[in-house]
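A.B. asks: The structure file input-v8.txt (compact mmCIF, C-alpha atoms) is provided below.
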# COMPACT_ATOMS: atom_id res chain seq x y z
CA MET A 1 31.92 -171.41 35.41
CA PRO A 2 29.34 -168.90 34.14
CA ALA A 3 30.40 -165.34 33.38
CA PRO A 4 29.54 -162.77 36.06
CA LEU A 5 26.00 -161.43 35.84
CA ASP A 6 25.53 -157.82 34.82
CA SER A 7 22.64 -155.55 35.84
CA THR A 8 20.59 -156.57 32.77
CA ASP A 9 20.96 -160.29 33.61
CA ARG A 10 19.92 -159.59 37.21
CA ALA A 11 16.89 -157.61 35.99
CA ILE A 12 15.86 -160.47 33.70
CA LEU A 13 16.21 -162.97 36.56
CA ARG A 14 14.14 -160.74 38.88
CA LEU A 15 11.33 -160.57 36.30
CA LEU A 16 11.44 -164.31 35.65
CA ARG A 17 11.28 -165.03 39.39
CA LEU A 18 8.13 -162.93 39.62
CA ASN A 19 6.52 -164.56 36.59
CA ALA A 20 8.41 -167.06 34.46
CA ARG A 21 5.52 -167.17 31.97
CA ARG A 22 5.74 -163.47 31.18
CA PRO A 23 6.20 -162.96 27.42
CA ASN A 24 9.77 -162.40 26.26
CA SER A 25 8.68 -159.17 24.51
CA GLU A 26 7.51 -157.70 27.86
CA ILE A 27 10.72 -158.71 29.62
CA ALA A 28 12.78 -157.24 26.77
CA ALA A 29 10.90 -153.93 26.93
CA GLU A 30 11.29 -153.73 30.71
CA VAL A 31 15.07 -154.31 30.64
CA GLY A 32 15.72 -152.24 27.52
CA LEU A 33 16.66 -154.97 25.03
CA SER A 34 15.27 -156.15 21.74
CA PRO A 35 13.21 -159.34 22.03
CA SER A 36 15.88 -161.36 20.21
CA ALA A 37 18.69 -160.05 22.45
CA CYS A 38 16.60 -160.76 25.54
CA HIS A 39 15.81 -164.28 24.32
CA ARG A 40 19.51 -164.89 23.67
CA ARG A 41 20.41 -163.76 27.21
CA ILE A 42 17.76 -166.01 28.75
CA ARG A 43 19.09 -168.98 26.74
CA LEU A 44 22.65 -168.20 27.92
CA LEU A 45 21.42 -168.05 31.53
CA GLU A 46 19.73 -171.43 31.04
CA ASP A 47 22.69 -173.01 29.26
CA SER A 48 25.15 -171.82 31.93
CA GLY A 49 22.98 -173.23 34.74
CA VAL A 50 22.12 -169.87 36.28
CA ILE A 51 18.51 -170.71 35.43
CA ALA A 52 18.19 -174.32 36.51
CA GLY A 53 14.55 -174.77 35.48
CA TYR A 54 11.00 -173.52 35.73
CA THR A 55 8.22 -174.71 37.97
CA ALA A 56 4.60 -174.04 38.82
CA LEU A 57 3.74 -173.08 42.38
CA THR A 58 0.30 -174.26 43.37
CA GLY A 59 -1.74 -172.72 46.11
CA ILE A 60 -5.12 -174.28 45.59
CA GLY A 61 -5.80 -177.10 47.99
CA ASP A 62 -2.23 -177.35 49.30
CA GLU A 63 -3.42 -177.40 52.91
CA ALA A 64 -5.50 -180.49 52.18
CA ASN A 65 -2.69 -182.13 50.22
CA GLY A 66 0.03 -181.92 52.83
CA VAL A 67 2.28 -179.79 54.94
CA ASP A 68 5.78 -178.45 54.64
CA VAL A 69 8.14 -179.04 57.53
CA LEU A 70 11.34 -177.02 57.80
CA VAL A 71 13.97 -179.11 59.51
CA GLN A 72 17.28 -177.97 60.97
CA VAL A 73 19.92 -180.70 61.18
CA THR A 74 23.21 -180.64 63.06
CA LEU A 75 25.84 -183.23 62.21
CA GLU A 76 28.46 -184.82 64.41
CA ARG A 77 31.21 -183.43 62.14
CA GLN A 78 31.50 -181.26 59.06
CA SER A 79 34.16 -183.31 57.30
CA GLU A 80 33.68 -183.95 53.59
CA ASP A 81 32.98 -187.62 54.32
CA PHE A 82 30.16 -186.77 56.78
CA LEU A 83 28.64 -184.18 54.42
CA SER A 84 28.78 -186.54 51.42
CA ARG A 85 27.24 -189.46 53.29
CA PHE A 86 24.46 -187.27 54.70
CA GLU A 87 23.63 -185.74 51.30
CA ALA A 88 23.61 -189.13 49.57
CA ALA A 89 21.17 -190.47 52.18
CA VAL A 90 18.92 -187.39 51.88
CA ARG A 91 18.61 -187.97 48.11
CA GLN A 92 17.02 -191.36 48.86
CA CYS A 93 14.04 -189.83 50.69
CA PRO A 94 11.41 -188.50 48.23
CA GLU A 95 9.65 -186.48 50.95
CA ILE A 96 12.77 -184.29 51.33
CA LYS A 97 12.19 -181.68 48.64
CA GLU A 98 15.10 -179.33 49.40
CA CYS A 99 18.37 -179.64 51.29
CA PHE A 100 20.66 -176.69 51.98
CA LEU A 101 24.15 -176.82 53.47
CA MET A 102 24.22 -173.82 55.80
CA ALA A 103 26.71 -171.50 57.43
CA GLY A 104 25.85 -170.72 61.04
CA ASP A 105 24.43 -172.65 63.95
CA VAL A 106 23.05 -175.63 62.02
CA ASP A 107 24.60 -177.70 59.26
CA TYR A 108 21.54 -178.29 57.04
CA TRP A 109 18.06 -176.95 56.44
CA LEU A 110 15.65 -179.42 54.86
CA ARG A 111 12.16 -178.87 53.48
CA VAL A 112 10.10 -181.99 53.96
CA ARG A 113 6.70 -182.31 52.26
CA THR A 114 4.35 -184.82 53.83
CA GLU A 115 0.62 -185.39 54.04
CA SER A 116 0.21 -184.76 57.77
CA ALA A 117 1.91 -184.27 61.12
CA ALA A 118 1.49 -187.99 61.80
CA ALA A 119 3.20 -188.86 58.51
CA TYR A 120 6.04 -186.48 59.39
CA GLU A 121 6.42 -188.22 62.76
CA ALA A 122 7.03 -191.49 60.90
CA ILE A 123 9.58 -189.84 58.56
CA HIS A 124 11.31 -188.28 61.56
CA GLY A 125 11.64 -191.60 63.35
CA GLU A 126 12.31 -193.87 60.39
CA VAL A 127 14.40 -191.61 58.15
CA LEU A 128 15.67 -188.32 59.58
CA SER A 129 16.88 -189.63 62.94
CA ARG A 130 18.73 -192.44 61.13
CA LEU A 131 20.58 -190.24 58.63
CA PRO A 132 24.35 -190.66 58.95
CA GLY A 133 26.08 -188.35 61.42
CA VAL A 134 22.96 -186.60 62.74
CA THR A 135 23.23 -185.37 66.33
CA ARG A 136 20.32 -182.90 66.49
CA ILE A 137 17.05 -182.31 64.61
CA SER A 138 14.69 -179.36 65.08
CA SER A 139 11.42 -179.25 63.13
CA SER A 140 9.01 -176.40 62.39
CA PHE A 141 5.69 -176.77 60.58
CA ALA A 142 4.92 -174.13 57.94
CA MET A 143 1.50 -172.50 58.35
CA ARG A 144 1.41 -171.06 54.82
CA ASN A 145 3.65 -169.94 51.98
CA ALA A 146 3.60 -166.14 52.20
CA LEU A 147 4.72 -165.82 48.55
CA LEU A 148 1.46 -167.33 47.30
CA PRO A 149 -1.71 -165.23 47.09
CA ARG A 150 -3.90 -165.48 50.17
CA ARG A 151 -7.35 -166.91 49.79
CA SER A 152 -10.19 -165.71 51.93
CA ARG A 153 -11.11 -168.10 54.70
CA LYS A 154 -14.54 -169.62 54.74
CA ARG A 155 -16.32 -168.96 57.99
Here is a file; write its structure as structure tokens.

C.D. replies:
Amino acid sequence: MPAPLDSTDRAILRLLRLNARRPNSEIAAEVGLSPSACHRRIRLLEDSGVIAGYTALTGIGDEANGVDVLVQVTLERQSEDFLSRFEAAVRQCPEIKECFLMAGDVDYWLRVRTESAAAYEAIHGEVLSRLPGVTRISSSFAMRNALLPRRSRKR
């Protein structure tokens, strides 16, 4: 288990979340460390699994390349067997990009990426409704990712 994060670790993580390509020297200056000490902390965060990886978020053309659907799933039971079977089945569907076990009214939130509403309808009928233990599914289509810069609309 990783050591508890201190305020410097949290500051480094905040800066990396905003821009993971920011130079180490800038991050170091912002958090008050030498570049080598900052680099060492980032490596420790990576090695301990606190930083699980880096990715590129694309905004150009995403509307034409597909849609994100946020799906709430309620299971028949929350026993370890039901949760394990459900999660194993979810891993087999490449369109399911994220799966979160939740506290609250629903058991899971899924993010499904598909090329269209019609394609999602097929995934809903052929995959999601057949997942083990599912009793209820509620789907919402994302209109845009508010974390990405907005582009002006062509009129």

A.B. asks: Which residues of region 22-104 of chain A have any atom within 8 Å of an atom in region 126-143 of chain A when counting all atoms listed in the file, and what is the closest pair of atoms for each, with the distance in Å to one decimal? Order the rows by chain and rising number and write it as a tab-separated table.

C.D. replies:
residue	atom	partner	partner_atom	distance
A:Val67	CA	A:Ala142	CA	6.9
A:Asp68	CA	A:Ala142	CA	5.5
A:Val69	CA	A:Phe141	CA	4.5
A:Leu70	CA	A:Ser140	CA	5.2
A:Val71	CA	A:Ser139	CA	4.4
A:Gln72	CA	A:Ser138	CA	5.1
A:Val73	CA	A:Ile137	CA	4.8
A:Thr74	CA	A:Arg136	CA	5.0
A:Leu75	CA	A:Val134	CA	4.5
A:Glu76	CA	A:Gly133	CA	5.2
A:Arg77	CA	A:Gly133	CA	7.1
A:Phe82	CA	A:Gly133	CA	6.4
A:Arg85	CA	A:Pro132	CA	6.5
A:Phe86	CA	A:Pro132	CA	5.4
A:Ala89	CA	A:Leu131	CA	6.5
A:Val90	CA	A:Leu131	CA	7.5
A:Cys93	CA	A:Val127	CA	7.7

A.B. asks: Take the residues from that selection and put them in a file with C-alpha atoms, as a PDB file, keeping the file's coordinate frame.

C.D. replies:
ATOM      1  CA  VAL A  67       2.280-179.790  54.940  1.00  0.00           C
ATOM      2  CA  ASP A  68       5.780-178.450  54.640  1.00  0.00           C
ATOM      3  CA  VAL A  69       8.140-179.040  57.530  1.00  0.00           C
ATOM      4  CA  LEU A  70      11.340-177.020  57.800  1.00  0.00           C
ATOM      5  CA  VAL A  71      13.970-179.110  59.510  1.00  0.00           C
ATOM      6  CA  GLN A  72      17.280-177.970  60.970  1.00  0.00           C
ATOM      7  CA  VAL A  73      19.920-180.700  61.180  1.00  0.00           C
ATOM      8  CA  THR A  74      23.210-180.640  63.060  1.00  0.00           C
ATOM      9  CA  LEU A  75      25.840-183.230  62.210  1.00  0.00           C
ATOM     10  CA  GLU A  76      28.460-184.820  64.410  1.00  0.00           C
ATOM     11  CA  ARG A  77      31.210-183.430  62.140  1.00  0.00           C
ATOM     12  CA  PHE A  82      30.160-186.770  56.780  1.00  0.00           C
ATOM     13  CA  ARG A  85      27.240-189.460  53.290  1.00  0.00           C
ATOM     14  CA  PHE A  86      24.460-187.270  54.700  1.00  0.00           C
ATOM     15  CA  ALA A  89      21.170-190.470  52.180  1.00  0.00           C
ATOM     16  CA  VAL A  90      18.920-187.390  51.880  1.00  0.00           C
ATOM     17  CA  CYS A  93      14.040-189.830  50.690  1.00  0.00           C
TER      18      CYS A  93
END

A.B. asks: Just how far from CA of Cys99 (chain A) is CA of Ile42 (chain A), in Å to one decimal?

C.D. replies: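 CA of Cys99 (chain A) lies at a distance of 26.3 Å from CA of Ile42 (chain A).
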
A.B. asks: Calculated over only C-alpha atoms, which of the candidates A:Leu44, A:Asp107, A:Thr8, A:Ala122 has the smallest distance to Ser79 (chain A)?

C.D. replies: A:Asp107

A.B. asks: Which residues, written as a list of chain:residue names, have at least one atom at most 12 Å from Arg14 (chain A), with all atoms listed in the file counted and residues fewer than 5 positions away on the same chain left out?

C.D. replies: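 So, after excluding close chain neighbours, the residues are A:Ser7, A:Thr8, A:Asp9, A:Asn19, A:Ala20, A:Arg22, A:Ile27, A:Glu30, A:Val31, A:Ile42, A:Ile51.
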
A.B. asks: Leaving out Phe100 (chain A) and any residue of its chain fewer than 4 positions from it, which residues lie within 7 Å of it when counting all atoms listed in the file, given as number ranges by chain?

C.D. replies: A: 108-110

A.B. asks: Around the point (11.9, -163.2, 26.6) in the file's coordinates, collect all residues with an atom within 9 Å, using all atoms listed in the file, and return them as a VMD selection string.

C.D. replies: chain A and resid 12 22 to 28 35 to 42

A.B. asks: Could you work out how far CA of Thr55 (chain A) lies from CA of Ser84 (chain A), giving the answer in Å with one decimal?

C.D. replies: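 Computed distance, CA of Ser84 (chain A) to CA of Thr55 (chain A), equals 27.3 Å.
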
A.B. asks: Expressed in Å to a single decimal, how great is the separation between CA of Lys97 (chain A) and CA of Ile123 (chain A)?

C.D. replies: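 A separation of 13.1 Å between them.
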